[in-house]
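Undergrad: Here it is: the structure, laid out below.
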Amino acid sequence: MQANSSVLDIERNCGAIDRAARAAAEAGAAVLLTPELFPVGYAPLRVRAELDPGILPGVRRTLAGIAATHRIALVYSLPAVTADGQWQITATILDDRGNELLSYAKVHLFGPEERKAFSPAEAPPAVVDLGGIKASLAICYDVEFPETVRAAAAAGADLLLVPTALAHGFESVPQVLLRARALESQLTVAYANHSGEEGGCTFLGGSVVAGPDGELLAAAGAGPELLYAEVSAEAARQARDAVPYLRERRPDVYRAWDENGGGINRG
C-alpha cells in the first residue's frame, strides 16, 4: 500500500488501510504491507508531543479487526512505549485472523527529528511463518544497512517486509540499494512508502518489491497505489542454490577484521 497519510487523523488513516485491505483481498492478495507510522502519520515530533499513547491498544485492535474482517494478513507500523518509558517505532505482522505473529522495533533512526522523538532498539530481526513463507521485518532506514537484511536472511527469512517513510530526493534507495540488499542476501524485499506531503515532508512514493535475484517484481510511481507481486520461498531457495552467499559467509573472519580495526596496519 502506497498512500498519503494525515498526521494524527487516526480514523481517516485506518479507514484508508481498511479500504486497501478490502481491495487487496478481493484481488487475491495474502498480505498487505503499509508504510511506516501510517496510522498516526509520519511526523515524529508532532506524534511524540501530541499523541496519547493510551490510545495505541485501541488502534491495534482496530487494525486487527481490519485483518480479520477482510481475511488478509497485515503489516502495520506504530509508535510503542517500552516498560521503561522509551518511545520506539515498531512494525507488526498480523495473520489473516488478526492475531499478532511478530513485532519489531526500529534499530536505525534517521535524522534529527526521529532521534529526538524516539529511541533506537537493539533486538535483531526475527522470523515467522507467514502463509508458508518465512518472513521478517525491518523499518525504513534499517534496510539501508546490509547487516540488518543479512541478519534476517541468516535467521531464515525468505521475505523481508519493510514499512518506510522515504522523502523525495532519495530515489537511489528503492531503485538501487533495495535491489542490492535483496540480491546479496537472496530474499525478497517488499518496501512500502508514503506518497504526497505530510507534516512538511514531500514523500517519494516509489515503493518496490525486489526479488532474491535483484530484479524488480513491482514498482510504484509517485502517487497512491496498491502494488502487487507474487512472492515464493522457492525463489529464495533457487537463488541460494545458484550462488551460495549465505552458506559461504565467514563470520569469524569478519569479527576478526572488526577487532583489529579492519586490518589496518597501525605499526
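In the C-alpha cells, the first chain shown is A, the next is B, and so on; residue numbers restart at 1 for each chain, and ligands run from 1 in the order shown.
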May I have the residues within 9 Å of stretch 34-48 of chain A as a short mmCIF file (atom, residue, chain, number, x, y, z; two decimals) with N, CA, C and O atoms, in the first residue's frame, using only C-alpha atoms and disregarding those fewer than 6 positions away in the same chain?
TA:
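Saved result, part_25.cif, follows:
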```cif
data_model
loop_
_atom_site.label_atom_id
_atom_site.label_comp_id
_atom_site.auth_asym_id
_atom_site.auth_seq_id
_atom_site.Cartn_x
_atom_site.Cartn_y
_atom_site.Cartn_z
N MET A 1 0.84 -1.19 0.00
CA MET A 1 0.00 0.00 0.00
C MET A 1 0.88 1.24 0.00
O MET A 1 1.66 1.46 0.92
N GLN A 2 0.79 2.04 -1.03
CA GLN A 2 1.44 3.35 -1.07
C GLN A 2 0.34 4.39 -1.03
O GLN A 2 -0.57 4.38 -1.87
N ALA A 3 0.39 5.27 -0.04
CA ALA A 3 -0.71 6.22 0.14
C ALA A 3 -0.24 7.41 0.95
O ALA A 3 0.84 7.41 1.54
N ASN A 4 -1.09 8.43 0.99
CA ASN A 4 -0.84 9.65 1.75
C ASN A 4 -1.58 9.56 3.07
O ASN A 4 -2.79 9.34 3.11
N SER A 5 -0.85 9.70 4.17
CA SER A 5 -1.44 9.68 5.50
C SER A 5 -1.73 11.10 5.96
O SER A 5 -1.14 12.05 5.47
N SER A 6 -2.63 11.22 6.92
CA SER A 6 -2.96 12.52 7.51
C SER A 6 -2.48 12.51 8.96
O SER A 6 -2.92 11.66 9.75
N VAL A 7 -1.59 13.42 9.30
CA VAL A 7 -0.94 13.39 10.60
C VAL A 7 -1.95 13.47 11.74
O VAL A 7 -2.76 14.41 11.81
N LEU A 8 -1.95 12.44 12.59
CA LEU A 8 -2.77 12.32 13.80
C LEU A 8 -4.27 12.22 13.52
O LEU A 8 -5.07 12.30 14.45
N ASP A 9 -4.66 11.99 12.27
CA ASP A 9 -6.06 11.68 11.95
C ASP A 9 -6.17 10.16 11.84
O ASP A 9 -6.21 9.60 10.75
N ILE A 10 -6.20 9.51 12.99
CA ILE A 10 -6.11 8.06 13.03
C ILE A 10 -7.32 7.40 12.39
O ILE A 10 -7.19 6.38 11.68
N GLU A 11 -8.49 7.97 12.58
CA GLU A 11 -9.69 7.39 12.00
C GLU A 11 -9.59 7.39 10.46
O GLU A 11 -9.90 6.39 9.80
N ARG A 12 -9.15 8.51 9.92
CA ARG A 12 -9.02 8.60 8.46
C ARG A 12 -7.98 7.61 7.94
O ARG A 12 -8.19 6.93 6.94
N ASN A 13 -6.85 7.55 8.63
CA ASN A 13 -5.77 6.68 8.18
C ASN A 13 -6.14 5.20 8.27
O ASN A 13 -5.83 4.42 7.37
N CYS A 14 -6.80 4.82 9.36
CA CYS A 14 -7.24 3.44 9.47
C CYS A 14 -8.33 3.12 8.44
O CYS A 14 -8.40 1.99 7.95
N ALA A 16 -8.33 4.34 5.45
CA ALA A 16 -7.58 4.10 4.21
C ALA A 16 -7.00 2.69 4.20
O ALA A 16 -7.01 2.01 3.16
N ILE A 17 -6.50 2.23 5.34
CA ILE A 17 -5.99 0.86 5.41
C ILE A 17 -7.11 -0.14 5.21
O ILE A 17 -6.94 -1.15 4.51
N VAL A 59 -5.98 1.36 18.76
CA VAL A 59 -5.60 1.40 17.35
C VAL A 59 -5.19 0.01 16.88
O VAL A 59 -5.56 -0.45 15.79
N LEU A 74 -1.70 -8.58 7.61
CA LEU A 74 -1.48 -7.13 7.58
C LEU A 74 -0.19 -6.79 8.31
O LEU A 74 0.08 -7.31 9.40
N VAL A 75 0.60 -5.92 7.69
CA VAL A 75 1.79 -5.37 8.34
C VAL A 75 1.54 -3.88 8.57
O VAL A 75 1.26 -3.14 7.61
N TYR A 76 1.63 -3.44 9.81
CA TYR A 76 1.44 -2.03 10.13
C TYR A 76 2.58 -1.54 11.01
O TYR A 76 3.32 -2.33 11.61
N SER A 77 2.74 -0.21 11.09
CA SER A 77 3.80 0.41 11.89
C SER A 77 3.18 1.47 12.80
O SER A 77 2.41 2.31 12.33
N LEU A 78 3.54 1.41 14.07
CA LEU A 78 3.02 2.35 15.07
C LEU A 78 4.12 2.70 16.07
O LEU A 78 5.07 1.93 16.25
N PRO A 79 3.97 3.82 16.77
CA PRO A 79 4.84 4.05 17.93
C PRO A 79 4.49 3.05 19.03
O PRO A 79 3.37 2.54 19.10
N TRP A 87 10.09 5.70 23.84
CA TRP A 87 9.26 5.64 22.65
C TRP A 87 10.07 5.03 21.51
O TRP A 87 11.22 5.43 21.28
N ILE A 89 9.77 3.24 17.31
CA ILE A 89 8.98 2.99 16.10
C ILE A 89 8.95 1.49 15.89
O ILE A 89 10.00 0.84 15.88
N THR A 90 7.76 0.93 15.74
CA THR A 90 7.64 -0.52 15.62
C THR A 90 6.88 -0.90 14.35
O THR A 90 6.19 -0.09 13.74
N ALA A 91 7.02 -2.18 13.99
CA ALA A 91 6.21 -2.78 12.94
C ALA A 91 5.70 -4.11 13.44
O ALA A 91 6.36 -4.78 14.25
N GLU A 113 14.87 14.65 13.75
CA GLU A 113 13.53 14.56 14.33
C GLU A 113 13.26 13.18 14.90
O GLU A 113 12.73 13.06 16.01
N GLU A 114 13.59 12.14 14.15
CA GLU A 114 13.39 10.79 14.68
C GLU A 114 14.22 10.58 15.94
O GLU A 114 13.75 10.00 16.92
N ARG A 115 15.46 11.07 15.93
CA ARG A 115 16.33 10.83 17.08
C ARG A 115 15.88 11.61 18.31
O ARG A 115 16.15 11.20 19.44
N LYS A 116 15.21 12.72 18.09
CA LYS A 116 14.68 13.49 19.22
C LYS A 116 13.40 12.87 19.77
O LYS A 116 13.16 12.89 20.99
N ALA A 117 12.60 12.30 18.88
CA ALA A 117 11.29 11.78 19.29
C ALA A 117 11.33 10.34 19.78
O ALA A 117 10.51 9.95 20.62
N PHE A 118 12.27 9.55 19.27
CA PHE A 118 12.27 8.12 19.54
C PHE A 118 13.63 7.63 20.02
O PHE A 118 14.64 8.31 19.84
N ILE A 139 12.48 -1.65 9.28
CA ILE A 139 11.73 -0.40 9.11
C ILE A 139 12.63 0.65 8.47
O ILE A 139 13.66 1.03 9.02
N CYS A 140 12.25 1.10 7.30
CA CYS A 140 12.84 2.24 6.60
C CYS A 140 14.36 2.22 6.61
O CYS A 140 14.99 1.39 5.96
N VAL A 162 9.07 -4.25 4.75
CA VAL A 162 9.69 -3.01 5.21
C VAL A 162 8.71 -1.83 5.07
O VAL A 162 8.58 -1.24 4.00
N PRO A 163 8.03 -1.44 6.15
CA PRO A 163 7.31 -0.16 6.13
C PRO A 163 8.34 0.98 6.09
O PRO A 163 9.33 0.94 6.83
N THR A 164 8.09 2.00 5.27
CA THR A 164 9.08 3.06 5.16
C THR A 164 8.42 4.43 5.03
O THR A 164 7.22 4.53 4.74
N ALA A 165 9.22 5.47 5.24
CA ALA A 165 8.80 6.85 5.05
C ALA A 165 9.97 7.57 4.40
O ALA A 165 10.79 8.20 5.09
N TYR A 191 8.84 -3.10 0.05
CA TYR A 191 9.17 -1.79 0.63
C TYR A 191 8.02 -0.84 0.32
O TYR A 191 7.80 -0.48 -0.84
N ALA A 192 7.23 -0.48 1.36
CA ALA A 192 6.01 0.32 1.16
C ALA A 192 6.21 1.73 1.71
O ALA A 192 6.46 1.91 2.91
N ASN A 193 6.06 2.72 0.84
CA ASN A 193 6.34 4.11 1.20
C ASN A 193 5.06 4.96 1.21
O ASN A 193 4.04 4.59 0.61
N HIS A 194 5.16 6.11 1.83
CA HIS A 194 4.13 7.14 1.75
C HIS A 194 4.19 7.83 0.39
O HIS A 194 5.19 7.76 -0.33
N GLU A 198 3.23 15.25 4.01
CA GLU A 198 2.76 15.10 5.38
C GLU A 198 3.71 15.87 6.28
O GLU A 198 4.93 15.71 6.18
N GLY A 199 3.17 16.70 7.12
CA GLY A 199 3.98 17.39 8.10
C GLY A 199 5.16 18.14 7.50
O GLY A 199 6.23 18.21 8.10
N GLY A 200 4.97 18.70 6.31
CA GLY A 200 6.02 19.48 5.68
C GLY A 200 7.02 18.66 4.88
O GLY A 200 7.97 19.22 4.32
N CYS A 201 6.84 17.35 4.82
CA CYS A 201 7.75 16.47 4.07
C CYS A 201 7.06 15.99 2.80
O CYS A 201 5.90 15.56 2.84
#
```
Undergrad: Near stretch 185-189 of chain A, counting only C-alpha atoms, which residues have an atom at most 10 Å away, once you skip same-chain residues fewer than 6 positions from it, shown as a count of residues only?
TA: 47
Undergrad: Measure the distance from atom CA of A:Ala73 to atom CA of A:Gly221 in Å and round it to one decimal.
TA: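 Pair atom CA of A:Ala73 / atom CA of A:Gly221 returns 24.1 Å.
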Undergrad: Kindly give the distance, in Å, that separates atom CA of A:Tyr141 and atom CA of A:Thr92, rounded to a single decimal.
TA: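 That distance, rounded to one decimal, is 16.6 Å.
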Undergrad: Rounded to one decimal place, report the atom CA of A:Ala64-atom CA of A:Leu130 distance in Å.
TA: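 Between atom CA of A:Ala64 and atom CA of A:Leu130 the gap is 15.6 Å.
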